[in-house]
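Presented below is the structure to which this report refers.
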Amino acid sequence: MTSVGRTVQPLESKGGPNMGAQDLNIFSLGSLLIFLIPILYISRYLKLGINKEIIIGMVRMCLQLSFVGLYLEFLFKFDSPWLNGAYLLLMISIACHSILKSSNLKLRIFFKPLFFALLIPFGIMLLFFNGVVAHIDNLFEAKYLVPVGGMLLGNCLRSIIIGLTHFYSGLKKNEREYLYSLSLFNNRTQALKPWFKESLVAAINPTLASMATIGLVSLPGMMTGQILGGSIPIVAIKYQIAIMGCIFYTEYFSVILSILFSLKTGFNAFDVLKTNIFQNN
Amino acid sequence: MISIESVSHDIGTSRIFSNLSFCVNKNEKLLILGKSGLGKTSLFRLILGFEQPGSGKIVVNGRNLDKDHIHQIRQQLFYLSQDIDLKNEIILGLVTDIWEFNFARELYQEEINRQLSFLELSPGILQKRTGELSGGERQRIGLLIGFLLDRPIWLLDEPTSALDDAMKKKIANHILALDKTLVIISHDQCWQDSSAVRIERWS
């Protein structure tokens with residue numbers, strides 16, 4: 001499935017198996033709303049109090065995805081490497097925001113180190129995938145850059161959140177142990193090693209677990225999309241294997257770098273954990 | 001030597017001490033007595049650079065306690081905390097890591113055995129995790145690490161509180177005979193009995 005830099009076919013094309021997925025009629029799509037009715041009814045009957053959240057969540061999802069869809073149509077048609085790159089940088093920024101919010105760490109302090117901790121492994125892996133694995137000529141082609149980039153980033157989010165949370169909350173909770181270790185080793189890196197190791201393992205465990213069961217329980221999203229889009233399974237599987245590998249590598253390195261890069265801003269000159277780094281104490 | 005010069009320290013809104021000044025000379029043995037809650041442990045935390053004083057100056061072996069000198073200063077200090085805050089790991093691994101990182105060479109069995117027998121601990125204790133030990137055993141492991149590291153200035157916070165009387169005396173006598181600068185916080189009589197000790201009472 002290599003492309004030679006031409007723009008993507010519009011999604012309305014009908015025809016043979018390699019021409020893209022069948023378009024969904026807006027009314028057919030809207031028919032799914034029918035299942036909301038029993039859900040809202042049961043939630044109200046059980047007095048769950050979440051109907052407002054359900055409706056807001058669904059509406060937000062539709063609006064956000066529609067907006068992204070429109071934007072991506074434009075991006076793909078225009079296909080400027082600069083614009084595509086800028087979009088990726090925006091994605092990374094939003095990812096950083098989301099990670100820090102979930103990790104309870106202050107944005108102002110950790111945004112810059114986290115941004116680079118993501119950018120470096122992510123950028124390398126993405127370009128490697130595009131250039132070496134998928135062999136496409138234009139490394140910044142939107143059709144590859146945006147979906148693959150999005151998958152790498154989206155999957156990294158969870159592990160980095162786990163890594164950072166485990167690390168900083170663990171240190172805050174066990175501050176006396178850390179300080180005692182610091183007095184014995186007189187070296188911040190050495191004193192931090194146990195927490196660093198635990199955080200890295202905690203961060204990548206979920207991915208290892210899902211790699212162990214992938215394909216046995218359900219088909220991964222990427223494969224599903226590809227097959228619906230007309231790829232034969234064997235091609236879809238090759239892409240899926242490649243992507244899973246890339247996701248794991250990106251996660252591993254970005255967790256390490258996000259902890260490492262954050263140390264400078266997270267600790268003071270006396271190697272003590274700063275107290276004002278958390279969003280909510 | 002340690003010089004505390006007009007140091008004032010607050011934790012939150014409480015003033016822990018104000019305008020504290022005293023000196024501990026090289027190889028001097030200072031025992032600080034006083035009720036709990038007077039800030040004695042905080043003093044150690046300040047000397048180690050874990051907290052910074054509100055005002056005043058601390059000088060250790062001629063170096064100001066600031067970010068430029070903190071690592072050189074910490075290299076000279078051995079701290080035994082009141083709760084022996086060691087991470088819950090297998091003791092042999094813990095001690096070996098500490099030794100090898102500080103001395104860049106292997107820890108020989110004889111060195112550790114010598115200390116174990118002095119502290120009346122069985123060699124089997126090395127295979128246990130820190131969390132499995134009794135209070136007295138933890139204190140002795142803490143002291144064992146101190147003996148191995150052999151740093152010139154010791155800050156000991158209740159180093160013998162969980163030991164039996166005979167052990168208290170034995171350890172106090174041994175430590176007080178060492179060629180080191182010591183600052184000890186303890187309620188145990190064994191430290192007060194020695195003529196080598198200078199006592200400061202805090203109130």
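Residue names in the structure tokens use chain letters A, B, ... in the order shown, residue numbers from 1 in each chain, and ligand numbers from 1 in the order shown.
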
For this session: Using only C-alpha atoms, find the residues of chain B whose closest atom to chain A is at most 8 Å away, then write them as a PyMOL selection string.
Result: chain B and resi 48-50+67+70-71+74-75+77-79+81+85-87+98+101-102

Could the residues in this selection be saved with N, CA, C and O atoms as a PDB file, in the first residue's frame?
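Written out: result21.pdb:
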ATOM      1  N   LEU B  48      21.648  18.758  56.663  1.00  0.00           N
ATOM      2  CA  LEU B  48      21.727  17.909  55.473  1.00  0.00           C
ATOM      3  C   LEU B  48      21.225  18.617  54.215  1.00  0.00           C
ATOM      4  O   LEU B  48      21.323  18.080  53.122  1.00  0.00           O
ATOM      5  N   GLY B  49      20.664  19.820  54.402  1.00  0.00           N
ATOM      6  CA  GLY B  49      20.183  20.550  53.225  1.00  0.00           C
ATOM      7  C   GLY B  49      18.817  20.086  52.747  1.00  0.00           C
ATOM      8  O   GLY B  49      18.384  20.426  51.652  1.00  0.00           O
ATOM      9  N   PHE B  50      18.077  19.306  53.565  1.00  0.00           N
ATOM     10  CA  PHE B  50      16.750  18.867  53.156  1.00  0.00           C
ATOM     11  C   PHE B  50      15.752  20.007  53.289  1.00  0.00           C
ATOM     12  O   PHE B  50      14.715  20.040  52.632  1.00  0.00           O
ATOM     13  N   LYS B  67      23.891  25.695  47.670  1.00  0.00           N
ATOM     14  CA  LYS B  67      23.767  24.720  46.588  1.00  0.00           C
ATOM     15  C   LYS B  67      25.092  24.401  45.922  1.00  0.00           C
ATOM     16  O   LYS B  67      25.242  23.358  45.294  1.00  0.00           O
ATOM     17  N   ILE B  70      26.715  21.752  48.626  1.00  0.00           N
ATOM     18  CA  ILE B  70      25.896  20.742  49.311  1.00  0.00           C
ATOM     19  C   ILE B  70      26.400  19.312  49.106  1.00  0.00           C
ATOM     20  O   ILE B  70      26.394  18.497  50.021  1.00  0.00           O
ATOM     21  N   HIS B  71      26.880  19.007  47.915  1.00  0.00           N
ATOM     22  CA  HIS B  71      27.322  17.631  47.677  1.00  0.00           C
ATOM     23  C   HIS B  71      28.609  17.310  48.427  1.00  0.00           C
ATOM     24  O   HIS B  71      28.761  16.216  48.973  1.00  0.00           O
ATOM     25  N   ARG B  74      27.500  16.857  52.051  1.00  0.00           N
ATOM     26  CA  ARG B  74      26.807  15.587  52.315  1.00  0.00           C
ATOM     27  C   ARG B  74      27.756  14.406  52.300  1.00  0.00           C
ATOM     28  O   ARG B  74      27.530  13.403  52.980  1.00  0.00           O
ATOM     29  N   GLN B  75      28.825  14.516  51.519  1.00  0.00           N
ATOM     30  CA  GLN B  75      29.784  13.415  51.465  1.00  0.00           C
ATOM     31  C   GLN B  75      30.448  13.192  52.821  1.00  0.00           C
ATOM     32  O   GLN B  75      30.930  12.102  53.116  1.00  0.00           O
ATOM     33  N   LEU B  77      28.897  13.674  55.732  1.00  0.00           N
ATOM     34  CA  LEU B  77      27.918  13.423  56.785  1.00  0.00           C
ATOM     35  C   LEU B  77      27.352  12.019  56.718  1.00  0.00           C
ATOM     36  O   LEU B  77      27.000  11.531  55.654  1.00  0.00           O
ATOM     37  N   PHE B  78      27.239  11.377  57.882  1.00  0.00           N
ATOM     38  CA  PHE B  78      26.450  10.157  57.972  1.00  0.00           C
ATOM     39  C   PHE B  78      25.270  10.451  58.885  1.00  0.00           C
ATOM     40  O   PHE B  78      25.427  10.911  60.012  1.00  0.00           O
ATOM     41  N   TYR B  79      24.062  10.180  58.374  1.00  0.00           N
ATOM     42  CA  TYR B  79      22.844  10.501  59.109  1.00  0.00           C
ATOM     43  C   TYR B  79      22.108   9.221  59.441  1.00  0.00           C
ATOM     44  O   TYR B  79      21.885   8.368  58.572  1.00  0.00           O
ATOM     45  N   SER B  81      18.550   8.313  60.754  1.00  0.00           N
ATOM     46  CA  SER B  81      17.275   8.948  61.090  1.00  0.00           C
ATOM     47  C   SER B  81      16.582   8.161  62.200  1.00  0.00           C
ATOM     48  O   SER B  81      16.857   6.990  62.427  1.00  0.00           O
ATOM     49  N   ASP B  85      14.853   5.290  57.818  1.00  0.00           N
ATOM     50  CA  ASP B  85      14.001   5.256  56.630  1.00  0.00           C
ATOM     51  C   ASP B  85      14.650   4.569  55.447  1.00  0.00           C
ATOM     52  O   ASP B  85      14.825   5.159  54.399  1.00  0.00           O
ATOM     53  N   LEU B  86      14.977   3.309  55.615  1.00  0.00           N
ATOM     54  CA  LEU B  86      15.575   2.559  54.518  1.00  0.00           C
ATOM     55  C   LEU B  86      14.460   1.987  53.657  1.00  0.00           C
ATOM     56  O   LEU B  86      13.411   1.616  54.169  1.00  0.00           O
ATOM     57  N   LYS B  87      14.728   1.876  52.374  1.00  0.00           N
ATOM     58  CA  LYS B  87      13.721   1.313  51.493  1.00  0.00           C
ATOM     59  C   LYS B  87      13.561  -0.181  51.790  1.00  0.00           C
ATOM     60  O   LYS B  87      14.502  -0.840  52.207  1.00  0.00           O
ATOM     61  N   ILE B  98      24.914   0.468  48.410  1.00  0.00           N
ATOM     62  CA  ILE B  98      25.436   1.663  49.065  1.00  0.00           C
ATOM     63  C   ILE B  98      26.959   1.635  49.062  1.00  0.00           C
ATOM     64  O   ILE B  98      27.625   2.616  48.748  1.00  0.00           O
ATOM     65  N   PHE B 101      28.491   1.943  45.427  1.00  0.00           N
ATOM     66  CA  PHE B 101      28.345   3.271  44.845  1.00  0.00           C
ATOM     67  C   PHE B 101      29.310   4.253  45.485  1.00  0.00           C
ATOM     68  O   PHE B 101      29.887   5.110  44.822  1.00  0.00           O
ATOM     69  N   ASN B 102      29.509   4.120  46.783  1.00  0.00           N
ATOM     70  CA  ASN B 102      30.392   5.058  47.484  1.00  0.00           C
ATOM     71  C   ASN B 102      31.871   4.768  47.285  1.00  0.00           C
ATOM     72  O   ASN B 102      32.693   5.659  47.310  1.00  0.00           O
TER      73      ASN B 102
END

For this session: Would you mind listing what lies within 12 Å of A:Leu75 as an NGL selection string, with only C-alpha atoms counted and same-chain residues fewer than 5 positions away left out?
Result: :A and (7-8 or 68-70 or 80-88 or 140-146)

If you keep C-alpha atoms, can you produce a file of those selected residues as a PDB file, in the first residue's frame?
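To be explicit, this is the file written out as part-v1.pdb:
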ATOM      1  CA  THR A   7      -3.627  13.145  -2.816  1.00  0.00           C
ATOM      2  CA  VAL A   8      -6.021  10.715  -1.227  1.00  0.00           C
ATOM      3  CA  VAL A  68     -11.233  17.098  13.203  1.00  0.00           C
ATOM      4  CA  GLY A  69     -12.677  15.395  10.126  1.00  0.00           C
ATOM      5  CA  LEU A  70     -13.199  18.712   8.330  1.00  0.00           C
ATOM      6  CA  SER A  80       1.967  20.699   2.932  1.00  0.00           C
ATOM      7  CA  PRO A  81       4.756  19.181   5.001  1.00  0.00           C
ATOM      8  CA  TRP A  82       4.959  22.367   7.078  1.00  0.00           C
ATOM      9  CA  LEU A  83       1.263  22.362   7.872  1.00  0.00           C
ATOM     10  CA  ASN A  84       1.346  18.657   8.659  1.00  0.00           C
ATOM     11  CA  GLY A  85       4.336  19.120  10.928  1.00  0.00           C
ATOM     12  CA  ALA A  86       2.636  22.038  12.662  1.00  0.00           C
ATOM     13  CA  TYR A  87      -0.447  19.905  13.216  1.00  0.00           C
ATOM     14  CA  LEU A  88       1.713  17.244  14.841  1.00  0.00           C
ATOM     15  CA  PHE A 140       5.523  14.162   5.865  1.00  0.00           C
ATOM     16  CA  GLU A 141       2.591  12.912   3.823  1.00  0.00           C
ATOM     17  CA  ALA A 142      -0.581  13.671   5.715  1.00  0.00           C
ATOM     18  CA  LYS A 143      -2.228  10.330   4.995  1.00  0.00           C
ATOM     19  CA  TYR A 144       0.492   8.564   6.984  1.00  0.00           C
ATOM     20  CA  LEU A 145       1.757  11.247   9.305  1.00  0.00           C
ATOM     21  CA  VAL A 146      -1.519  12.172  10.941  1.00  0.00           C
TER      22      VAL A 146
END

For this session: For A:Lys197, work out the shell of residues within 12 Å, counting only C-alpha atoms and skipping chain neighbours fewer than 3 positions away, then give it as a list of chain:residue names.
Result: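 These residues fall inside the cut-off: A:Gly163, A:Leu164, A:His166, A:Phe167, A:Gly170, A:Thr189, A:Gln190, A:Ala191, A:Leu192, A:Lys193, A:Pro194, A:Leu200, A:Val201, A:Ala202, A:Ala203, A:Ile204, A:Tyr252, A:Val255, A:Ile256, A:Ile259, A:Leu260.
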
For this session: Tell me, as a PyMOL selection string, which residues lie within 10 Å of B:Gly56, counting only C-alpha atoms; anything in the same chain fewer than 5 positions away does not count.
Result: chain B and resi 4-9+18-21

With all heavy atoms retained, could you export that selection as a PDB file, in the first residue's frame?
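That gives us again-v9.pdb:
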ATOM      1  N   ILE B   4      26.724  26.545  63.501  1.00  0.00           N
ATOM      2  CA  ILE B   4      25.360  27.050  63.288  1.00  0.00           C
ATOM      3  C   ILE B   4      25.372  28.506  63.731  1.00  0.00           C
ATOM      4  O   ILE B   4      25.690  28.801  64.889  1.00  0.00           O
ATOM      5  CB  ILE B   4      24.357  26.267  64.158  1.00  0.00           C
ATOM      6  CG1 ILE B   4      24.564  24.766  64.029  1.00  0.00           C
ATOM      7  CG2 ILE B   4      22.944  26.693  63.866  1.00  0.00           C
ATOM      8  CD1 ILE B   4      23.995  24.143  62.801  1.00  0.00           C
ATOM      9  N   GLU B   5      25.063  29.420  62.816  1.00  0.00           N
ATOM     10  CA  GLU B   5      25.175  30.852  63.125  1.00  0.00           C
ATOM     11  C   GLU B   5      23.846  31.557  62.970  1.00  0.00           C
ATOM     12  O   GLU B   5      23.359  31.759  61.866  1.00  0.00           O
ATOM     13  CB  GLU B   5      26.231  31.488  62.205  1.00  0.00           C
ATOM     14  CG  GLU B   5      27.635  30.932  62.438  1.00  0.00           C
ATOM     15  CD  GLU B   5      28.604  31.297  61.318  1.00  0.00           C
ATOM     16  OE1 GLU B   5      28.386  32.331  60.642  1.00  0.00           O
ATOM     17  OE2 GLU B   5      29.580  30.550  61.107  1.00  0.00           O
ATOM     18  N   SER B   6      23.249  31.914  64.114  1.00  0.00           N
ATOM     19  CA  SER B   6      22.004  32.705  64.146  1.00  0.00           C
ATOM     20  C   SER B   6      20.924  32.141  63.243  1.00  0.00           C
ATOM     21  O   SER B   6      20.305  32.868  62.478  1.00  0.00           O
ATOM     22  CB  SER B   6      22.280  34.154  63.705  1.00  0.00           C
ATOM     23  OG  SER B   6      23.245  34.705  64.524  1.00  0.00           O
ATOM     24  N   VAL B   7      20.720  30.868  63.355  1.00  0.00           N
ATOM     25  CA  VAL B   7      19.760  30.220  62.466  1.00  0.00           C
ATOM     26  C   VAL B   7      18.355  30.262  63.039  1.00  0.00           C
ATOM     27  O   VAL B   7      18.132  29.934  64.196  1.00  0.00           O
ATOM     28  CB  VAL B   7      20.192  28.755  62.207  1.00  0.00           C
ATOM     29  CG1 VAL B   7      19.061  27.950  61.617  1.00  0.00           C
ATOM     30  CG2 VAL B   7      21.411  28.735  61.312  1.00  0.00           C
ATOM     31  N   SER B   8      17.421  30.702  62.216  1.00  0.00           N
ATOM     32  CA  SER B   8      16.006  30.668  62.587  1.00  0.00           C
ATOM     33  C   SER B   8      15.288  29.808  61.565  1.00  0.00           C
ATOM     34  O   SER B   8      15.596  29.859  60.379  1.00  0.00           O
ATOM     35  CB  SER B   8      15.401  32.068  62.570  1.00  0.00           C
ATOM     36  OG  SER B   8      16.072  32.878  63.485  1.00  0.00           O
ATOM     37  N   HIS B   9      14.336  29.051  62.037  1.00  0.00           N
ATOM     38  CA  HIS B   9      13.654  28.140  61.101  1.00  0.00           C
ATOM     39  C   HIS B   9      12.184  28.004  61.446  1.00  0.00           C
ATOM     40  O   HIS B   9      11.834  27.857  62.620  1.00  0.00           O
ATOM     41  CB  HIS B   9      14.331  26.783  61.142  1.00  0.00           C
ATOM     42  CG  HIS B   9      13.816  25.826  60.121  1.00  0.00           C
ATOM     43  ND1 HIS B   9      13.713  26.131  58.786  1.00  0.00           N
ATOM     44  CD2 HIS B   9      13.356  24.562  60.242  1.00  0.00           C
ATOM     45  CE1 HIS B   9      13.227  25.099  58.133  1.00  0.00           C
ATOM     46  NE2 HIS B   9      12.996  24.134  58.979  1.00  0.00           N
ATOM     47  N   SER B  18      14.754  30.036  66.926  1.00  0.00           N
ATOM     48  CA  SER B  18      15.143  31.351  66.446  1.00  0.00           C
ATOM     49  C   SER B  18      16.494  31.728  66.995  1.00  0.00           C
ATOM     50  O   SER B  18      16.813  31.491  68.163  1.00  0.00           O
ATOM     51  CB  SER B  18      14.073  32.378  66.789  1.00  0.00           C
ATOM     52  OG  SER B  18      14.107  32.791  68.065  1.00  0.00           O
ATOM     53  N   ASN B  19      17.282  32.280  66.136  1.00  0.00           N
ATOM     54  CA  ASN B  19      18.622  32.746  66.468  1.00  0.00           C
ATOM     55  C   ASN B  19      19.501  31.704  67.156  1.00  0.00           C
ATOM     56  O   ASN B  19      20.196  31.997  68.116  1.00  0.00           O
ATOM     57  CB  ASN B  19      18.536  33.973  67.385  1.00  0.00           C
ATOM     58  CG  ASN B  19      19.119  35.154  66.679  1.00  0.00           C
ATOM     59  OD1 ASN B  19      20.102  35.019  65.962  1.00  0.00           O
ATOM     60  ND2 ASN B  19      18.519  36.304  66.871  1.00  0.00           N
ATOM     61  N   LEU B  20      19.442  30.505  66.636  1.00  0.00           N
ATOM     62  CA  LEU B  20      20.229  29.425  67.232  1.00  0.00           C
ATOM     63  C   LEU B  20      21.676  29.534  66.784  1.00  0.00           C
ATOM     64  O   LEU B  20      21.969  29.653  65.610  1.00  0.00           O
ATOM     65  CB  LEU B  20      19.631  28.084  66.779  1.00  0.00           C
ATOM     66  CG  LEU B  20      20.300  26.822  67.283  1.00  0.00           C
ATOM     67  CD1 LEU B  20      20.074  26.677  68.770  1.00  0.00           C
ATOM     68  CD2 LEU B  20      19.723  25.612  66.561  1.00  0.00           C
ATOM     69  N   SER B  21      22.580  29.497  67.741  1.00  0.00           N
ATOM     70  CA  SER B  21      23.997  29.536  67.384  1.00  0.00           C
ATOM     71  C   SER B  21      24.778  28.560  68.245  1.00  0.00           C
ATOM     72  O   SER B  21      24.663  28.592  69.471  1.00  0.00           O
ATOM     73  CB  SER B  21      24.587  30.931  67.632  1.00  0.00           C
ATOM     74  OG  SER B  21      24.067  31.842  66.705  1.00  0.00           O
TER      75      SER B  21
END

Exercise. Stretch 112-124 of chain B: which residues within 12 Å, counting only C-alpha atoms, same-chain residues fewer than 3 positions away excluded, as a PyMOL selection string?
Worked result: chain B and resi 90-92+95-96+99+106-109+127-129+133-134+136-149+160+163-164+166-172+174-175
